[in-house]
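Structure file entry_2.txt (compact mmCIF, C-alpha atoms and all ligand atoms) follows.
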```
# COMPACT_ATOMS: atom_id res chain seq x y z
CA MET F 351 25.47 -4.20 -4.76
CA ALA F 352 25.64 -7.82 -5.78
CA VAL F 353 24.01 -8.97 -8.94
CA LEU F 354 23.82 -12.65 -9.65
CA ARG F 355 21.79 -13.67 -12.60
CA LYS F 356 21.21 -16.99 -14.27
CA ASP F 357 17.82 -16.72 -15.90
CA PRO F 358 18.23 -14.09 -18.63
CA ALA F 359 14.53 -13.29 -18.36
CA TYR F 360 15.23 -11.24 -15.27
CA ARG F 361 17.24 -8.19 -14.58
CA LEU F 362 17.58 -5.72 -11.81
CA PRO F 363 14.91 -3.09 -12.18
CA GLY F 364 16.51 0.03 -13.53
CA GLY F 365 16.17 3.53 -12.29
CA CYS F 366 16.26 2.73 -8.59
CA VAL F 367 18.37 5.37 -6.96
CA GLY F 368 19.84 4.79 -3.56
CA CYS F 369 19.00 1.16 -3.25
CA TYR F 370 20.63 -2.10 -2.38
CA GLY F 371 19.71 -4.80 -4.79
CA PHE F 372 20.30 -8.46 -5.25
CA ILE F 373 18.98 -10.70 -7.86
CA ALA F 374 19.53 -14.40 -7.94
CA GLY F 375 18.01 -17.13 -10.02
CA ARG F 376 18.38 -20.80 -9.13
CA PHE F 377 21.46 -20.07 -7.05
CA ASP F 378 22.44 -20.71 -3.52
CA ILE F 379 24.01 -17.60 -2.23
CA THR F 380 24.96 -16.52 1.23
CA CYS F 381 25.82 -12.92 1.66
CA LEU F 382 26.13 -10.11 4.07
CA PHE F 383 23.23 -7.71 3.85
CA LYS F 384 23.11 -4.80 6.25
CA LYS F 385 25.36 -6.72 8.64
CA ASN F 386 23.05 -9.73 8.63
CA LEU F 387 23.98 -13.00 7.06
CA VAL F 388 21.26 -13.72 4.52
CA ARG F 389 20.81 -16.88 2.57
CA PHE F 390 18.87 -17.16 -0.65
CA SER F 391 18.32 -20.43 -2.41
CA SER F 392 16.75 -21.70 -5.61
CA LYS F 393 14.67 -18.68 -6.04
CA LEU F 394 14.72 -15.41 -7.76
CA ILE F 395 14.91 -12.74 -5.14
CA ILE F 396 14.94 -9.06 -5.58
CA GLN F 397 15.82 -7.23 -2.45
CA LEU F 398 15.52 -3.55 -2.28
CA THR F 399 15.78 -1.01 0.44
CA LYS F 400 14.89 2.40 -0.76
CA LEU F 401 16.67 5.15 1.06
CA GLY F 402 14.41 8.04 1.76
CA ARG F 403 11.76 6.66 -0.52
CA GLY F 404 9.37 4.92 1.80
CA ALA F 405 9.30 1.72 3.75
CA PRO F 406 11.49 -1.10 2.47
CA VAL F 407 9.82 -3.74 0.34
CA LEU F 408 11.16 -7.14 -0.38
CA LEU F 409 9.99 -8.71 -3.58
CA ASP F 410 10.38 -12.42 -4.13
CA VAL F 411 9.52 -13.47 -7.67
CA GLU F 412 9.41 -16.96 -9.08
CA LEU F 413 8.33 -18.21 -12.48
CA LYS F 414 6.55 -21.57 -12.58
CA GLU F 415 5.75 -22.54 -16.15
CA ASN F 416 3.64 -19.67 -17.40
CA THR F 417 2.66 -18.34 -13.98
CA LEU F 418 4.53 -15.62 -12.15
CA LEU F 419 4.48 -16.08 -8.38
CA VAL F 420 5.06 -12.81 -6.55
CA ARG F 421 5.61 -12.66 -2.81
CA PRO F 422 6.02 -9.07 -1.69
CA SER F 423 6.68 -8.33 1.94
CA GLY F 424 6.38 -5.06 3.74
CA GLU F 425 4.04 -2.15 3.17
CA LEU F 426 2.44 -1.53 -0.20
CA ASP F 427 1.74 2.19 -0.34
CA LEU F 428 2.45 5.25 -2.49
CA GLY F 429 6.11 5.19 -1.40
CA VAL F 430 6.75 1.85 -3.09
CA ALA F 431 4.04 1.80 -5.78
CA ASP F 432 6.34 2.95 -8.61
CA TYR F 433 9.03 0.44 -7.72
CA LEU F 434 6.51 -2.36 -7.46
CA ARG F 435 4.78 -1.41 -10.71
CA ASN F 436 8.04 -1.06 -12.66
CA THR F 437 9.48 -4.30 -11.35
CA LEU F 438 6.36 -6.29 -12.15
CA GLU F 439 6.04 -4.71 -15.60
CA GLU F 440 9.68 -5.40 -16.45
CA THR F 441 9.40 -8.95 -15.21
CA LEU F 442 6.23 -9.50 -17.24
CA ASP F 443 7.85 -7.87 -20.30
CA ARG F 444 10.87 -10.16 -20.14
CA GLY F 445 9.30 -13.39 -19.02
CA GLN F 446 6.73 -15.65 -20.52
CA ALA F 447 4.24 -15.28 -17.68
CA ARG F 448 0.60 -15.40 -18.61
CA ASN F 449 -0.88 -15.67 -15.13
CA LEU F 450 -0.05 -14.00 -11.84
CA VAL F 451 -0.27 -15.28 -8.28
CA VAL F 452 0.25 -12.63 -5.61
CA ASN F 453 1.01 -14.04 -2.18
CA LEU F 454 0.16 -11.33 0.36
CA ALA F 455 1.00 -13.33 3.50
CA LYS F 456 3.93 -11.04 4.32
CA VAL F 457 2.28 -7.78 3.39
CA SER F 458 1.56 -5.84 6.56
CA PHE F 459 -0.12 -2.82 4.96
CA ILE F 460 -1.89 -1.91 1.76
CA ASP F 461 -3.72 1.22 0.63
CA SER F 462 -5.33 2.29 -2.64
CA SER F 463 -1.94 3.02 -4.24
CA GLY F 464 -0.78 -0.55 -3.55
CA LEU F 465 -4.10 -1.92 -4.76
CA GLY F 466 -3.77 0.14 -7.94
CA VAL F 467 -0.55 -1.70 -8.79
CA LEU F 468 -2.27 -5.09 -8.42
CA LEU F 469 -5.27 -3.99 -10.46
CA GLY F 470 -3.06 -2.58 -13.20
CA ARG F 471 -1.33 -5.95 -13.61
CA TYR F 472 -4.71 -7.64 -13.63
CA LYS F 473 -5.80 -5.38 -16.50
CA ARG F 474 -2.69 -6.25 -18.46
CA LEU F 475 -2.91 -10.02 -18.00
CA SER F 476 -6.67 -10.37 -18.34
CA LYS F 477 -6.49 -8.80 -21.80
CA SER F 478 -4.68 -11.90 -23.02
CA GLY F 479 -6.90 -14.26 -21.05
CA GLY F 480 -4.50 -14.63 -18.10
CA LYS F 481 -5.64 -15.16 -14.54
CA VAL F 482 -4.67 -13.35 -11.35
CA PHE F 483 -4.95 -14.90 -7.90
CA ILE F 484 -4.55 -13.38 -4.45
CA VAL F 485 -3.17 -15.74 -1.81
CA SER F 486 -3.48 -15.52 1.99
CA PRO F 487 -3.81 -11.81 2.81
CA GLN F 488 -3.65 -10.94 6.52
CA PRO F 489 -7.08 -10.06 7.98
CA HIS F 490 -6.60 -6.28 8.05
CA VAL F 491 -5.14 -6.29 4.53
CA ARG F 492 -8.02 -8.48 3.38
CA LYS F 493 -10.49 -5.92 4.73
CA VAL F 494 -9.01 -3.24 2.45
CA LEU F 495 -9.12 -5.60 -0.53
CA GLU F 496 -12.71 -6.53 0.24
CA LEU F 497 -13.84 -2.94 0.55
CA SER F 498 -12.26 -2.17 -2.84
CA GLY F 499 -14.32 -4.86 -4.56
CA ILE F 500 -11.16 -6.47 -5.95
CA PHE F 501 -12.52 -9.94 -5.21
CA ARG F 502 -15.24 -9.39 -7.78
CA ILE F 503 -12.59 -9.69 -10.47
CA MET F 504 -9.65 -11.51 -8.86
CA ASN F 505 -9.90 -14.87 -7.17
CA GLU F 506 -8.70 -15.47 -3.65
CA CYS F 507 -6.93 -18.71 -2.82
CA PRO F 508 -5.82 -20.20 0.50
CA SER F 509 -2.45 -21.31 -0.90
CA GLU F 510 -0.12 -20.90 -3.88
CA LYS F 511 -0.51 -24.60 -4.58
CA GLU F 512 -4.26 -24.26 -4.82
CA ALA F 513 -3.93 -21.23 -7.10
CA LEU F 514 -1.53 -23.12 -9.39
CA ARG F 515 -3.92 -26.06 -9.46
CA LYS F 516 -6.80 -23.78 -10.47
CA ILE F 517 -4.70 -22.24 -13.22
CA GLY F 518 -4.02 -25.80 -14.36
CA MET D 257 -15.06 17.27 25.29
CA ARG D 258 -11.96 16.99 27.48
CA LEU D 259 -8.69 17.13 25.59
CA ILE D 260 -6.16 14.54 26.74
CA ASN D 261 -3.36 15.14 24.30
CA GLN D 262 -2.64 16.96 21.08
CA MET D 263 0.10 16.96 18.44
CA LYS D 264 1.07 18.88 15.34
CA LEU D 265 3.22 17.52 12.59
CA GLU D 266 4.54 19.24 9.49
CA PHE D 267 6.54 17.42 6.83
CA LEU D 268 7.64 17.59 3.20
CA SER D 269 5.43 16.34 0.38
CA ILE D 270 7.54 13.30 -0.48
CA THR D 271 6.16 9.79 -0.72
CA ALA D 272 8.43 8.44 2.04
CA ASN D 273 6.39 10.57 4.43
CA VAL D 274 3.19 8.63 3.74
CA ALA D 275 4.51 5.78 5.92
CA PHE D 276 6.02 8.23 8.40
CA ALA D 277 2.68 10.02 8.83
CA ARG D 278 0.54 6.93 9.29
CA VAL D 279 2.95 5.30 11.75
CA THR D 280 3.26 8.51 13.77
CA VAL D 281 -0.49 9.05 13.97
CA ALA D 282 -1.06 5.39 14.90
CA ALA D 283 1.58 5.61 17.64
CA PHE D 284 -0.10 8.74 18.98
CA ALA D 285 -3.54 7.08 18.73
CA SER D 286 -2.35 4.08 20.73
CA GLN D 287 -2.48 6.24 23.86
CA LEU D 288 -6.21 5.54 23.69
CA ASP D 289 -7.69 2.09 24.00
CA PHE D 290 -7.95 1.33 20.29
CA THR D 291 -7.83 -2.23 19.02
CA LEU D 292 -5.08 -3.27 16.58
CA ALA D 293 -7.74 -3.42 13.87
CA ASP D 294 -8.74 0.19 14.66
CA LEU D 295 -5.10 1.30 14.41
CA GLU D 296 -4.75 -0.41 11.03
CA GLU D 297 -7.84 1.41 9.78
CA ILE D 298 -6.51 4.74 11.03
CA LYS D 299 -3.28 4.02 9.14
CA VAL D 300 -5.14 3.43 5.88
CA ALA D 301 -7.15 6.65 6.25
CA VAL D 302 -4.04 8.74 7.01
CA SER D 303 -2.14 7.18 4.09
CA GLU D 304 -4.93 8.03 1.70
CA ALA D 305 -5.22 11.63 2.84
CA VAL D 306 -1.45 12.29 2.84
CA GLY D 307 -1.07 10.51 -0.50
CA ASN D 308 -3.79 12.73 -1.97
CA SER D 309 -2.02 15.88 -0.78
CA ILE D 310 1.21 14.72 -2.45
CA ILE D 311 -0.19 13.47 -5.76
CA HIS D 312 -3.21 15.67 -6.30
CA GLY D 313 -2.73 18.70 -4.06
CA TYR D 314 0.93 19.32 -4.89
CA GLU D 315 1.11 17.29 -8.10
CA ASN D 316 4.21 15.50 -6.82
CA ALA D 317 6.20 18.67 -6.07
CA PRO D 318 8.55 17.47 -3.29
CA ASP D 319 9.19 20.82 -1.60
CA LYS D 320 5.76 21.62 -0.18
CA PHE D 321 4.43 21.02 3.30
CA ILE D 322 1.63 18.87 4.66
CA ARG D 323 0.29 19.47 8.16
CA ILE D 324 -1.34 17.04 10.51
CA ILE D 325 -3.04 17.95 13.76
CA ALA D 326 -4.28 15.13 15.96
CA ALA D 327 -6.16 15.38 19.21
CA LEU D 328 -7.05 12.73 21.76
CA MET D 329 -10.27 12.97 23.72
CA PRO D 330 -11.29 10.31 26.29
CA GLU D 331 -13.34 8.43 23.72
CA GLU D 332 -12.07 9.60 20.35
CA LEU D 333 -9.24 10.65 18.11
CA GLU D 334 -9.54 13.59 15.77
CA ILE D 335 -7.15 14.06 12.85
CA ILE D 336 -6.84 16.98 10.47
CA ILE D 337 -4.69 16.57 7.35
CA GLU D 338 -4.09 19.78 5.47
CA ASP D 339 -2.25 20.95 2.36
CA ASP D 340 -1.89 24.29 0.55
CA GLY D 341 -2.15 22.66 -2.84
CA LYS D 342 -4.35 23.19 -5.83
CA GLY D 343 -7.61 22.24 -4.10
CA ILE D 344 -10.60 20.36 -5.44
CA GLU D 345 -12.74 21.84 -8.24
CA ASP D 346 -15.79 19.65 -7.80
CA LEU D 347 -15.92 18.14 -4.33
CA ASN D 348 -19.17 16.22 -4.89
CA LYS D 349 -17.64 14.45 -7.84
CA ALA D 350 -14.34 13.85 -6.04
CA LEU D 351 -16.17 12.07 -3.23
CA LEU D 352 -17.87 9.60 -5.57
CA PRO D 353 -16.53 6.04 -5.38
CA ALA D 354 -14.22 5.20 -8.29
CA TYR D 355 -13.97 8.86 -9.35
CA SER D 356 -10.44 10.06 -9.99
CA THR D 357 -8.95 12.88 -12.03
CA ASP D 358 -6.04 10.51 -12.74
CA ALA D 359 -6.90 7.63 -15.07
CA GLU D 360 -4.22 5.43 -13.48
CA ARG D 361 -5.78 5.68 -10.03
CA LEU D 362 -8.70 3.87 -8.45
CA GLY D 363 -10.64 6.72 -6.90
CA LEU D 364 -11.00 4.84 -3.61
CA GLY D 365 -9.09 7.10 -1.22
CA PHE D 366 -12.10 9.02 0.06
CA VAL D 367 -14.13 5.78 0.15
CA PHE D 368 -11.54 4.20 2.47
CA MET D 369 -11.36 7.29 4.70
CA LYS D 370 -15.13 7.34 5.03
CA SER D 371 -15.52 3.60 5.61
CA PHE D 372 -12.69 3.18 8.09
CA MET D 373 -13.37 6.24 10.21
CA ASP D 374 -16.41 7.26 12.24
CA GLY D 375 -16.28 10.87 11.11
CA PHE D 376 -15.14 12.25 7.77
CA HIS D 377 -15.26 15.75 6.31
CA VAL D 378 -13.47 17.55 3.49
CA GLU D 379 -13.12 21.27 2.91
CA SER D 380 -11.38 22.58 -0.16
CA VAL D 381 -11.05 25.83 -2.03
CA PRO D 382 -9.81 25.55 -5.63
CA GLY D 383 -6.34 27.08 -5.70
CA ASN D 384 -6.21 27.25 -1.95
CA GLY D 385 -5.64 23.85 -0.42
CA THR D 386 -7.55 20.95 1.05
CA LYS D 387 -8.39 20.05 4.63
CA VAL D 388 -9.55 16.56 5.55
CA SER D 389 -10.99 15.99 9.03
CA LEU D 390 -11.24 12.46 10.37
CA CYS D 391 -12.53 11.06 13.62
CA LYS D 392 -12.29 7.61 15.17
CA ARG D 393 -14.17 6.58 18.29
CA VAL D 394 -12.92 4.02 20.78
CA GLY D 395 -14.88 0.80 21.18
CA THR D 396 -17.52 1.26 18.51
CA ARG D 397 -17.02 -2.21 17.08
CA LEU D 398 -18.81 -5.21 18.58
CA ALA D 399 -16.42 -7.41 20.51
CA GLN D 400 -14.98 -9.97 18.10
CA VAL D 401 -15.45 -13.57 19.09
CA SER D 402 -12.33 -15.53 18.31
CA PRO D 403 -12.73 -19.04 16.83
CA GLU D 404 -11.39 -20.68 20.01
CA GLN D 405 -14.08 -19.17 22.19
N1 LIG G 1 -5.58 16.97 -1.32
C1 LIG G 1 -6.14 17.04 -2.54
N2 LIG G 1 -5.86 18.09 -3.38
C2 LIG G 1 -6.41 18.18 -4.62
N3 LIG G 1 -7.28 17.24 -5.11
C3 LIG G 1 -7.59 16.21 -4.35
C4 LIG G 1 -7.05 16.03 -3.04
N4 LIG G 1 -7.57 14.89 -2.51
C5 LIG G 1 -8.37 14.38 -3.44
N5 LIG G 1 -8.42 15.15 -4.55
C6 LIG G 1 -9.23 14.91 -5.77
O1 LIG G 1 -10.24 13.96 -5.46
C7 LIG G 1 -10.16 12.83 -6.31
C8 LIG G 1 -10.57 11.57 -5.57
O2 LIG G 1 -9.64 11.25 -4.56
P1 LIG G 1 -9.48 9.74 -4.09
O3 LIG G 1 -10.82 9.21 -3.70
O4 LIG G 1 -8.42 9.67 -3.08
O5 LIG G 1 -9.05 8.96 -5.42
P2 LIG G 1 -7.63 8.92 -6.20
O6 LIG G 1 -6.57 9.42 -5.29
O7 LIG G 1 -7.45 7.49 -6.53
O8 LIG G 1 -7.79 9.77 -7.43
C9 LIG G 1 -8.75 12.82 -6.84
O9 LIG G 1 -8.65 12.18 -8.09
C10 LIG G 1 -8.43 14.31 -6.92
O10 LIG G 1 -8.91 14.87 -8.11
MG MG G 2 -6.39 9.04 -3.31
```
Take the structure from the file and write it as structure tokens.
Amino acid sequence: MAVLRKDPAYRLPGGCVGCYGFIAGRFDITCLFKKNLVRFSSKLIIQLTKLGRGAPVLLDVELKENTLLVRPSGELDLGVADYLRNTLEETLDRGQARNLVVNLAKVSFIDSSGLGVLLGRYKRLSKSGGKVFIVSPQPHVRKVLELSGIFRIMNECPSEKEALRKIG
Amino acid sequence: MRLINQMKLEFLSITANVAFARVTVAAFASQLDFTLADLEEIKVAVSEAVGNSIIHGYENAPDKFIRIIAALMPEELEIIIEDDGKGIEDLNKALLPAYSTDAERLGLGFVFMKSFMDGFHVESVPGNGTKVSLCKRVGTRLAQVSPEQ
């Protein structure tokens, strides 16, 4: 497990058993991960593969001023809900994020457990007047979001740039 | 109706098996002429039912079993998801949108199962398990016109 940390606002989420984790802030690192050469640059990346605990999720988190940009990839279901919830909560606890932009472009599956995590973070941030935006969900993921009525309270945006512009 | 294929699956009540169950059922379902969108909807419904068995039925006990039986007919897929958990006290209430016995949850699982499948039925005896029956028919959606056409 390699831990590289520059921004003290972030730390590896605790309590993850049987996982590989990386964390890197504003670094350029090249490393061997599961026999593949992986390169991370200028971004905070949390990589986690949970052994025996559901499909792997990759969570890419970046703080831009007071907005937390989150780019999960993989399948957001019950198997990863706790990890996702804890990571986002810890990141929000440590950082100065007021708003949240969730880029779903690389999410291939979501169910009500995954949605619950997003709605929970919405509840937290909206209490202090923060905004939450959903960016570019794939069509079948969008259908689940639509059916849940989530778009009645969260805005959808075609790009992160547009979401950041709206947050202002 | 003529049975083409059938499968039975039994697995432990751990959350890793939510993905295992939905992928397995979708792979089995793909022997029929379902669209990719249909398969995605089947996956959501299976995830919700299996997740419910784990969280509600077995209250997160990891050493219990969940059973799935799936059958392929020429025009439809039938899925039964069953647990021997605590069962549902008030089924009418449980089926209401946004109703959940867990304040942290959304109460949308049954809503998704019902909306994404063509047939949906729940049987439950308090203290004696829950059985969810789902059915998906092939080719019920209108053909989608792509933007290029
Ligand atoms: N397999 C099950 N065993 C026991 N109770 C269940 C089961 N499935 C559903 N329930 C009950 O029905 C309620 C509604 O289920 P659902 O619509 O999936 O919402 P949620 O899972 O978010 O609570 C649950 O809160 C639970 O009380
Ligand atoms: Mg549920």
With a cut-off of 12 Å and counting all atoms listed in the file, select all residues of chain D in contact with chain F and give the selection as a count of residues only.
-> 53
Enumerate, as a ChimeraX atom specification, the protein, DNA and RNA residues whose atoms approach (-9.3, 1.6, 26.0) to within 10 Å, taking into account only C-alpha atoms and the coordinate frame of the file.
-> /D:286-291,330-331,394-395
Please produce a file of the residues just selected, as an mmCIF file, keeping the file's coordinate frame, where the atoms kept are C-alpha atoms.
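For reference, selection.cif as written:
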```
data_model
loop_
_atom_site.group_PDB
_atom_site.id
_atom_site.type_symbol
_atom_site.label_atom_id
_atom_site.label_comp_id
_atom_site.auth_asym_id
_atom_site.auth_seq_id
_atom_site.Cartn_x
_atom_site.Cartn_y
_atom_site.Cartn_z
ATOM 1 C CA SER D 286 -2.350 4.080 20.730
ATOM 2 C CA GLN D 287 -2.480 6.240 23.860
ATOM 3 C CA LEU D 288 -6.210 5.540 23.690
ATOM 4 C CA ASP D 289 -7.690 2.090 24.000
ATOM 5 C CA PHE D 290 -7.950 1.330 20.290
ATOM 6 C CA THR D 291 -7.830 -2.230 19.020
ATOM 7 C CA PRO D 330 -11.290 10.310 26.290
ATOM 8 C CA GLU D 331 -13.340 8.430 23.720
ATOM 9 C CA VAL D 394 -12.920 4.020 20.780
ATOM 10 C CA GLY D 395 -14.880 0.800 21.180
#
```
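For the pair CA of Thr357 in chain D and atom P2 of ligand LIG 1 (chain G), the separation is 7.2 Å.
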For ligand LIG 1 (chain G), which residue among F:Gly464, F:Leu409, F:Arg471, F:Ile503 is the nearest when counting all atoms listed in the file?
->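 Nearest candidate to ligand LIG 1 (chain G) out of F:Gly464, F:Leu409, F:Arg471, F:Ile503: F:Gly464.
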To one decimal place, how far is CA of Lys481 in chain F from CA of Asn449 in chain F in Å?
->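 Separation of CA of Lys481 in chain F and CA of Asn449 in chain F: 4.8 Å.
Here CA of Arg258 in chain D is placed at a distance of 20.5 Å from CA of Phe376 in chain D.
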Measuring atom to atom with all atoms listed in the file, identify which of D:Pro382, D:Leu328, D:His312, D:Ile344 is nearest to ligand MG 2 (chain G).
->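 Closest residue, counting all atoms listed in the file: D:His312.
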Pick out the residues sitting within 10 Å of Ala447 in chain F, and hand them over as a list in words; count all atoms listed in the file, and ignore anything fewer than 4 positions along from it in its own chain.
->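 Contacts, with the query itself left out: Leu413, Lys414, Glu415, Asn416, Thr417, Leu418, Leu419, Thr441, Leu442, Asp443, Leu475 and Gly480 of chain F.
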Could you write those residues out with C-alpha atoms, as an mmCIF file, in the frame of the given file?
```cif
data_model
loop_
_atom_site.group_PDB
_atom_site.id
_atom_site.type_symbol
_atom_site.label_atom_id
_atom_site.label_comp_id
_atom_site.auth_asym_id
_atom_site.auth_seq_id
_atom_site.Cartn_x
_atom_site.Cartn_y
_atom_site.Cartn_z
ATOM 1 C CA LEU F 413 8.330 -18.210 -12.480
ATOM 2 C CA LYS F 414 6.550 -21.570 -12.580
ATOM 3 C CA GLU F 415 5.750 -22.540 -16.150
ATOM 4 C CA ASN F 416 3.640 -19.670 -17.400
ATOM 5 C CA THR F 417 2.660 -18.340 -13.980
ATOM 6 C CA LEU F 418 4.530 -15.620 -12.150
ATOM 7 C CA LEU F 419 4.480 -16.080 -8.380
ATOM 8 C CA THR F 441 9.400 -8.950 -15.210
ATOM 9 C CA LEU F 442 6.230 -9.500 -17.240
ATOM 10 C CA ASP F 443 7.850 -7.870 -20.300
ATOM 11 C CA LEU F 475 -2.910 -10.020 -18.000
ATOM 12 C CA GLY F 480 -4.500 -14.630 -18.100
#
```
Compare D:Ile336, D:Ile325, D:Ala283, D:Ala350 by their minimum atom-to-atom distance to ligand MG 2 (chain G), counting all atoms listed in the file, and give me the closest one.
->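 Checking each candidate against ligand MG 2 (chain G), we get D:Ala350 as the closest.
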